[in-house]
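Asks: Take a look at upload-v3.csv, CSV, C-alpha atoms and all ligand atoms:
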chain,number,residue,atom,x,y,z
B,10,MET,CA,66.8,-39.1,50.9
B,11,THR,CA,69.0,-42.0,49.7
B,12,LYS,CA,68.4,-45.3,51.5
B,13,VAL,CA,71.4,-47.0,53.0
B,14,ASN,CA,70.7,-50.3,51.4
B,15,SER,CA,70.2,-49.1,47.9
B,16,LYS,CA,70.9,-51.4,44.9
B,17,HIS,CA,71.7,-51.0,41.2
B,18,THR,CA,68.9,-51.8,38.6
B,19,ALA,CA,71.3,-54.3,37.0
B,20,ASP,CA,71.2,-56.4,40.2
B,21,SER,CA,67.5,-57.2,39.8
B,22,GLN,CA,67.1,-57.3,36.0
B,23,VAL,CA,65.4,-60.4,34.8
B,24,ILE,CA,65.6,-61.9,31.3
B,25,LEU,CA,63.0,-64.7,30.8
B,26,SER,CA,62.7,-66.5,27.4
B,27,GLN,CA,60.2,-69.0,26.2
B,28,PHE,CA,59.7,-70.9,23.0
B,29,MET,CA,56.0,-70.6,21.9
B,30,GLN,CA,54.4,-74.0,21.4
B,31,PRO,CA,51.0,-75.0,19.9
B,32,GLU,CA,49.6,-75.3,23.4
B,33,HIS,CA,50.0,-71.5,23.8
B,34,ALA,CA,47.9,-70.7,20.7
B,35,ASN,CA,44.4,-69.0,20.5
B,36,ALA,CA,41.7,-69.9,18.0
B,37,LEU,CA,43.5,-67.9,15.3
B,38,GLY,CA,46.7,-69.9,15.7
B,39,ASN,CA,48.7,-67.0,17.2
B,40,VAL,CA,49.9,-67.0,20.8
B,41,HIS,CA,47.1,-66.2,23.3
B,42,GLY,CA,47.5,-62.7,24.7
B,43,GLY,CA,46.8,-64.0,28.2
B,44,TRP,CA,49.8,-66.2,28.0
B,45,ILE,CA,52.0,-63.2,27.2
B,46,MET,CA,50.4,-61.3,30.0
B,47,LYS,CA,51.1,-64.1,32.5
B,48,LEU,CA,54.8,-64.1,31.5
B,49,ILE,CA,55.0,-60.3,31.7
B,50,ASP,CA,53.7,-60.6,35.3
B,51,GLU,CA,56.1,-63.4,36.1
B,52,ALA,CA,59.2,-61.6,34.8
B,53,GLY,CA,58.1,-58.4,36.6
B,54,GLY,CA,57.4,-60.3,39.8
B,55,LEU,CA,60.8,-62.0,39.7
B,56,CYS,CA,62.5,-58.6,39.2
B,57,ALA,CA,60.7,-57.0,42.1
B,58,THR,CA,61.4,-60.0,44.4
B,59,ARG,CA,65.0,-60.0,43.4
B,60,HIS,CA,65.3,-56.3,44.4
B,61,ALA,CA,63.4,-56.6,47.6
B,62,ARG,CA,64.5,-60.1,48.6
B,63,ARG,CA,60.9,-60.4,49.8
B,64,PRO,CA,57.8,-61.9,48.2
B,65,ALA,CA,56.3,-59.2,45.9
B,66,VAL,CA,52.7,-59.1,44.8
B,67,THR,CA,51.2,-57.4,41.7
B,68,LEU,CA,49.3,-54.3,42.7
B,69,ALA,CA,48.7,-52.7,39.3
B,70,VAL,CA,49.3,-53.2,35.6
B,71,ASP,CA,49.2,-50.1,33.4
B,72,SER,CA,47.3,-50.4,30.1
B,73,LEU,CA,48.8,-53.0,27.8
B,74,ARG,CA,48.8,-52.9,24.0
B,75,PHE,CA,49.9,-55.6,21.6
B,76,LEU,CA,51.8,-53.9,18.8
B,77,SER,CA,52.0,-57.1,16.7
B,78,PRO,CA,51.0,-60.7,17.0
B,79,VAL,CA,53.3,-63.3,18.6
B,80,HIS,CA,53.4,-66.5,16.5
B,81,VAL,CA,53.7,-70.2,17.5
B,82,GLY,CA,57.4,-71.0,16.9
B,83,ASP,CA,58.6,-67.6,18.0
B,84,PHE,CA,61.3,-67.4,20.8
B,85,VAL,CA,60.0,-64.7,23.1
B,86,THR,CA,62.1,-62.8,25.6
B,87,PHE,CA,60.7,-60.8,28.5
B,88,THR,CA,63.2,-58.3,29.9
B,89,ALA,CA,62.2,-56.8,33.2
B,90,HIS,CA,64.0,-53.9,35.1
B,91,LEU,CA,63.1,-51.5,37.8
B,92,ASN,CA,62.3,-47.9,36.9
B,93,TRP,CA,61.3,-46.5,40.3
B,94,VAL,CA,60.9,-47.5,43.9
B,95,GLY,CA,58.9,-45.9,46.7
B,96,HIS,CA,58.6,-46.9,50.3
B,97,THR,CA,57.0,-50.4,49.7
B,98,ALA,CA,56.0,-50.1,46.0
B,99,MET,CA,58.2,-50.7,43.0
B,100,GLU,CA,57.6,-50.0,39.3
B,101,VAL,CA,58.9,-52.6,36.9
B,102,GLU,CA,59.1,-52.2,33.1
B,103,VAL,CA,58.8,-55.3,31.0
B,104,ASN,CA,59.8,-55.3,27.3
B,105,VAL,CA,58.7,-58.1,25.1
B,106,GLU,CA,60.6,-59.2,22.0
B,107,ALA,CA,59.6,-62.0,19.7
B,108,GLU,CA,62.3,-63.7,17.6
B,109,ASN,CA,61.6,-65.7,14.5
B,110,LEU,CA,64.2,-68.5,14.9
B,111,LEU,CA,64.2,-69.3,11.2
B,112,THR,CA,64.8,-65.8,9.9
B,113,GLY,CA,66.4,-64.1,12.9
B,114,GLU,CA,63.9,-61.2,12.7
B,115,LYS,CA,63.2,-59.7,16.1
B,116,THR,CA,60.0,-57.8,16.8
B,117,HIS,CA,59.2,-55.6,19.8
B,118,THR,CA,55.6,-56.7,20.6
B,119,ASN,CA,54.9,-54.9,24.0
B,120,SER,CA,56.1,-52.8,26.8
B,121,ALA,CA,54.3,-53.0,30.1
B,122,TYR,CA,54.6,-51.1,33.4
B,123,LEU,CA,53.6,-52.9,36.6
B,124,VAL,CA,53.6,-52.0,40.3
B,125,PHE,CA,54.6,-54.6,42.9
B,126,VAL,CA,54.5,-54.3,46.7
B,127,ALA,CA,56.9,-56.2,48.9
B,128,LEU,CA,55.4,-58.1,51.8
B,129,ASP,CA,56.7,-59.1,55.2
B,130,GLN,CA,56.1,-62.5,56.8
B,131,ALA,CA,52.7,-61.3,58.1
B,132,GLY,CA,51.7,-60.2,54.6
B,133,HIS,CA,52.0,-56.5,55.2
B,134,PRO,CA,53.8,-54.0,52.9
B,135,VAL,CA,57.4,-53.7,53.9
B,136,GLU,CA,60.1,-51.2,53.0
B,137,VAL,CA,62.2,-52.0,49.9
B,138,PRO,CA,65.8,-51.0,49.2
B,139,GLY,CA,66.4,-47.8,47.2
B,140,LEU,CA,67.7,-47.6,43.6
B,141,ILE,CA,71.2,-46.3,42.8
B,142,LEU,CA,70.8,-44.1,39.7
B,143,GLU,CA,74.1,-43.9,37.7
B,144,THR,CA,73.2,-43.2,34.1
B,145,GLU,CA,71.2,-40.5,32.3
B,146,ASP,CA,68.8,-43.3,31.1
B,147,GLU,CA,68.2,-44.5,34.7
B,148,ARG,CA,67.5,-41.0,35.9
B,149,ARG,CA,65.1,-40.4,33.0
B,150,ARG,CA,63.3,-43.7,33.7
B,151,TRP,CA,63.1,-42.8,37.4
B,152,GLY,CA,61.6,-39.4,36.6
B,153,GLN,CA,59.0,-40.9,34.2
B,154,GLY,CA,58.2,-43.7,36.8
B,155,THR,CA,57.7,-41.1,39.5
B,156,GLN,CA,55.2,-39.3,37.3
B,157,ARG,CA,53.3,-42.5,36.4
B,158,GLN,CA,53.1,-43.4,40.1
B,159,ALA,CA,51.7,-40.0,40.9
B,160,ASP,CA,49.1,-40.4,38.1
B,161,ARG,CA,48.1,-43.9,39.4
B,162,LEU,CA,47.6,-42.6,42.9
B,163,SER,CA,45.5,-39.6,41.8
B,164,ARG,CA,43.5,-41.8,39.4
B,165,ALA,CA,42.8,-44.3,42.4
B,166,LYS,CA,41.8,-41.3,44.5
B,167,ARG,CA,39.4,-40.0,41.9
B,168,GLU,CA,37.9,-43.5,41.4
B,169,ALA,CA,37.4,-43.9,45.2
B,170,ALA,CA,35.7,-40.5,45.5
D,1,LIG,C1,49.3,-55.0,47.5
D,1,LIG,C2,48.6,-54.8,48.9
D,1,LIG,C3,49.3,-55.6,49.9
D,1,LIG,C4,48.8,-53.3,49.2
D,1,LIG,O1,48.0,-53.1,50.4
D,1,LIG,P1,47.6,-51.6,50.8
D,1,LIG,O2,46.8,-51.7,52.1
D,1,LIG,O3,46.9,-51.0,49.6
D,1,LIG,O4,49.0,-51.0,51.1
D,1,LIG,P2,49.3,-49.5,51.2
D,1,LIG,O5,48.1,-48.6,51.2
D,1,LIG,O6,50.3,-49.4,52.4
D,1,LIG,O7,50.1,-49.2,49.8
D,1,LIG,C5,51.3,-49.9,49.6
D,1,LIG,C6,52.0,-49.2,48.4
D,1,LIG,O8,51.2,-49.3,47.3
D,1,LIG,C7,51.0,-48.0,46.7
D,1,LIG,N1,49.7,-48.0,46.1
D,1,LIG,C8,48.5,-48.0,46.7
D,1,LIG,N2,47.5,-48.0,45.8
D,1,LIG,C9,48.1,-47.9,44.6
D,1,LIG,C10,47.6,-47.8,43.2
D,1,LIG,N3,46.3,-47.8,42.9
D,1,LIG,N4,48.6,-47.7,42.2
D,1,LIG,C11,49.9,-47.7,42.5
D,1,LIG,N5,50.4,-47.8,43.7
D,1,LIG,C12,49.5,-47.9,44.7
D,1,LIG,C13,51.1,-47.1,47.9
D,1,LIG,O9,51.4,-45.7,47.5
D,1,LIG,C14,52.2,-47.7,48.7
D,1,LIG,O10,53.4,-47.4,48.1
D,1,LIG,P3,54.7,-46.8,49.0
D,1,LIG,O11,54.7,-47.6,50.2
D,1,LIG,O12,55.8,-46.9,48.1
D,1,LIG,O13,54.3,-45.3,49.3
D,1,LIG,C15,47.1,-55.2,48.8
D,1,LIG,O14,46.4,-54.3,48.0
D,1,LIG,C16,46.9,-56.6,48.2
D,1,LIG,O15,47.2,-57.6,48.9
D,1,LIG,N6,46.5,-56.7,47.0
D,1,LIG,C17,46.4,-57.9,46.3
D,1,LIG,C18,47.7,-58.3,45.6
D,1,LIG,C19,47.6,-59.6,44.8
D,1,LIG,O16,47.0,-60.6,45.3
D,1,LIG,N7,48.1,-59.6,43.6
D,1,LIG,C20,47.9,-60.7,42.7
D,1,LIG,C21,46.6,-60.6,42.0
D,1,LIG,S1,46.1,-62.1,41.4
Could you write out this file's structure as structure tokens?
Ligand SMILES: CC(C)(COP(=O)(O)OP(=O)(O)OC[C@H]1O[C@@H](n2cnc3c(N)ncnc32)[C@H](O)[C@@H]1OP(=O)(O)O)[C@@H](O)C(=O)NCCC(=O)NCCS
Replies:
Amino acid sequence: MTKVNSKHTADSQVILSQFMQPEHANALGNVHGGWIMKLIDEAGGLCATRHARRPAVTLAVDSLRFLSPVHVGDFVTFTAHLNWVGHTAMEVEVNVEAENLLTGEKTHTNSAYLVFVALDQAGHPVEVPGLILETEDERRRWGQGTQRQADRLSRAKREAA
């Protein structure tokens, strides 16, 4: 059933960019993976909050793989958009791209899927607006997000048994 207050995915998309400084480095001199994970969570949380217009907390992060290192001096962009929404839960996809400012080369370093839950003033899960799906790509992402959420719930059920 379509919710009456549904919104477009473009309304909540977030693009967060940060220049990687020496203070973000690990012992090898590359950017610390934990710093990238923090910014993934931040971009995802901003996107979910923008959609819900409510505080949104991170409930789950799917497995995260670094495809290539991020270097100090890279300009890194985190693009977050909603794939799927349930009653109170939202799946956000965050894509990470590192740009070498001197050569212009851009490298896709990660994609992550996170689930956020919107909270009311008492800190309880609260209903979020629906998503208006207009393009083939949005419908495909919704279908894949629905499947991933079903997998998460069945995994959680198995782990609790
Ligand atoms: C997020 C939180 C409020 C959810 O509380 P809860 O009692 O589990 O809430 P519910 O059982 O009503 O579930 C809320 C939604 O999460 C979904 N959900 C529950 N477990 C899930 C899981 N393992 N994976 C994905 N989604 C899940 C539910 O299906 C429901 O979605 P829906 O309303 O769209 O159907 C609670 O778990 C919490 O406060 N967690 C800590 C969050 C936090 O502090 N994050 C920052 C970490 S530092």
Asks: Counting all atoms listed in the file, which residues of chain B fall within 8 Å of ligand LIG 1 (chain D), and what is the closest atom pair for each with its distance in Å at one decimal, ordered by chain and rising number, as JSON lines?
Replies:
{"residue": "B:Val66", "atom": "CA", "partner": "D:LIG1", "partner_atom": "N7", "distance": 4.8}
{"residue": "B:Thr67", "atom": "CA", "partner": "D:LIG1", "partner_atom": "N7", "distance": 4.2}
{"residue": "B:Leu68", "atom": "CA", "partner": "D:LIG1", "partner_atom": "C1", "distance": 4.9}
{"residue": "B:Ala69", "atom": "CA", "partner": "D:LIG1", "partner_atom": "N4", "distance": 5.8}
{"residue": "B:Val94", "atom": "CA", "partner": "D:LIG1", "partner_atom": "O12", "distance": 6.6}
{"residue": "B:Gly95", "atom": "CA", "partner": "D:LIG1", "partner_atom": "O12", "distance": 3.5}
{"residue": "B:His96", "atom": "CA", "partner": "D:LIG1", "partner_atom": "O12", "distance": 3.6}
{"residue": "B:Thr97", "atom": "CA", "partner": "D:LIG1", "partner_atom": "O11", "distance": 3.7}
{"residue": "B:Ala98", "atom": "CA", "partner": "D:LIG1", "partner_atom": "O12", "distance": 3.8}
{"residue": "B:Met99", "atom": "CA", "partner": "D:LIG1", "partner_atom": "O12", "distance": 6.8}
{"residue": "B:Val124", "atom": "CA", "partner": "D:LIG1", "partner_atom": "C11", "distance": 6.1}
{"residue": "B:Phe125", "atom": "CA", "partner": "D:LIG1", "partner_atom": "C1", "distance": 7.0}
{"residue": "B:Val126", "atom": "CA", "partner": "D:LIG1", "partner_atom": "C1", "distance": 5.3}
{"residue": "B:Ala127", "atom": "CA", "partner": "D:LIG1", "partner_atom": "C3", "distance": 7.7}
{"residue": "B:Leu128", "atom": "CA", "partner": "D:LIG1", "partner_atom": "C3", "distance": 6.9}
{"residue": "B:Gly132", "atom": "CA", "partner": "D:LIG1", "partner_atom": "C3", "distance": 7.0}
{"residue": "B:His133", "atom": "CA", "partner": "D:LIG1", "partner_atom": "C3", "distance": 6.0}
{"residue": "B:Pro134", "atom": "CA", "partner": "D:LIG1", "partner_atom": "C3", "distance": 5.6}
{"residue": "B:Val135", "atom": "CA", "partner": "D:LIG1", "partner_atom": "O11", "distance": 7.6}
{"residue": "B:Glu136", "atom": "CA", "partner": "D:LIG1", "partner_atom": "O11", "distance": 7.1}
{"residue": "B:Gln158", "atom": "CA", "partner": "D:LIG1", "partner_atom": "C11", "distance": 5.9}
{"residue": "B:Arg161", "atom": "CA", "partner": "D:LIG1", "partner_atom": "N4", "distance": 4.7}
{"residue": "B:Leu162", "atom": "CA", "partner": "D:LIG1", "partner_atom": "C10", "distance": 5.2}
{"residue": "B:Arg164", "atom": "CA", "partner": "D:LIG1", "partner_atom": "N3", "distance": 7.5}
{"residue": "B:Ala165", "atom": "CA", "partner": "D:LIG1", "partner_atom": "N3", "distance": 5.0}
Asks: Find the residues around stretch 76-89 of chain B up to 10 Å (only C-alpha atoms counted), leave out those fewer than 2 positions away in its own chain, and share them as a CSV table (one decimal) with C-alpha atoms, keeping the file's coordinate frame.
Replies:
chain,number,residue,atom,x,y,z
B,18,THR,CA,68.9,-51.8,38.6
B,21,SER,CA,67.5,-57.2,39.8
B,22,GLN,CA,67.1,-57.3,36.0
B,23,VAL,CA,65.4,-60.4,34.8
B,24,ILE,CA,65.6,-61.9,31.3
B,25,LEU,CA,63.0,-64.7,30.8
B,26,SER,CA,62.7,-66.5,27.4
B,27,GLN,CA,60.2,-69.0,26.2
B,28,PHE,CA,59.7,-70.9,23.0
B,29,MET,CA,56.0,-70.6,21.9
B,30,GLN,CA,54.4,-74.0,21.4
B,31,PRO,CA,51.0,-75.0,19.9
B,32,GLU,CA,49.6,-75.3,23.4
B,33,HIS,CA,50.0,-71.5,23.8
B,34,ALA,CA,47.9,-70.7,20.7
B,35,ASN,CA,44.4,-69.0,20.5
B,38,GLY,CA,46.7,-69.9,15.7
B,39,ASN,CA,48.7,-67.0,17.2
B,40,VAL,CA,49.9,-67.0,20.8
B,41,HIS,CA,47.1,-66.2,23.3
B,42,GLY,CA,47.5,-62.7,24.7
B,45,ILE,CA,52.0,-63.2,27.2
B,48,LEU,CA,54.8,-64.1,31.5
B,49,ILE,CA,55.0,-60.3,31.7
B,50,ASP,CA,53.7,-60.6,35.3
B,51,GLU,CA,56.1,-63.4,36.1
B,52,ALA,CA,59.2,-61.6,34.8
B,53,GLY,CA,58.1,-58.4,36.6
B,54,GLY,CA,57.4,-60.3,39.8
B,55,LEU,CA,60.8,-62.0,39.7
B,56,CYS,CA,62.5,-58.6,39.2
B,57,ALA,CA,60.7,-57.0,42.1
B,73,LEU,CA,48.8,-53.0,27.8
B,74,ARG,CA,48.8,-52.9,24.0
B,91,LEU,CA,63.1,-51.5,37.8
B,92,ASN,CA,62.3,-47.9,36.9
B,101,VAL,CA,58.9,-52.6,36.9
B,102,GLU,CA,59.1,-52.2,33.1
B,103,VAL,CA,58.8,-55.3,31.0
B,104,ASN,CA,59.8,-55.3,27.3
B,105,VAL,CA,58.7,-58.1,25.1
B,106,GLU,CA,60.6,-59.2,22.0
B,107,ALA,CA,59.6,-62.0,19.7
B,108,GLU,CA,62.3,-63.7,17.6
B,109,ASN,CA,61.6,-65.7,14.5
B,110,LEU,CA,64.2,-68.5,14.9
B,111,LEU,CA,64.2,-69.3,11.2
B,113,GLY,CA,66.4,-64.1,12.9
B,114,GLU,CA,63.9,-61.2,12.7
B,115,LYS,CA,63.2,-59.7,16.1
B,116,THR,CA,60.0,-57.8,16.8
B,117,HIS,CA,59.2,-55.6,19.8
B,118,THR,CA,55.6,-56.7,20.6
B,119,ASN,CA,54.9,-54.9,24.0
B,120,SER,CA,56.1,-52.8,26.8
B,121,ALA,CA,54.3,-53.0,30.1
B,122,TYR,CA,54.6,-51.1,33.4
Asks: For B:Ala131, which residue among B:Arg150, B:Arg59, B:Glu168, B:Pro64 is the nearest when counting only C-alpha atoms?
Replies: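 Under the stated criterion, the closest residue is B:Pro64.
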Asks: Figure out the distance between atom CA of B:Ala65 and atom CA of B:His17, please, to one decimal in Å.
Replies: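 Taking atom CA of B:His17 as the start and atom CA of B:Ala65 as the end point, the length is 18.1 Å.
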Asks: What is the atom CA of B:Lys166 to atom CA of B:Met46 distance in Å?
Replies: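 Calculated distance between atom CA of B:Lys166 and atom CA of B:Met46 is 26.2 Å.
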Asks: Enclose the full set of atoms of stretch 56-71 of chain B listed in the file within a box whose edges lie along x, y and z, apply 5 Å of padding to each of the six sides, and report centre and edge lengths in Å to one decimal as JSON.
Replies:
{"center_x": 57.0, "center_y": -56.0, "center_z": 41.6, "size_x": 26.6, "size_y": 21.8, "size_z": 26.4}
Asks: From the set B:Ala36, B:Asp129, B:Asp71, B:Lys16, which residue has the shortest atom-to-atom contact distance to B:Asp160, counting only C-alpha atoms?
Replies: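 Among the listed residues, B:Asp71 lies closest to B:Asp160.
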Asks: Record the distance separating atom CA of B:Thr155 and atom CA of B:Ser15, expressed in Å with one decimal.
Replies: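 One can read the atom CA of B:Thr155 to atom CA of B:Ser15 distance as 17.1 Å.
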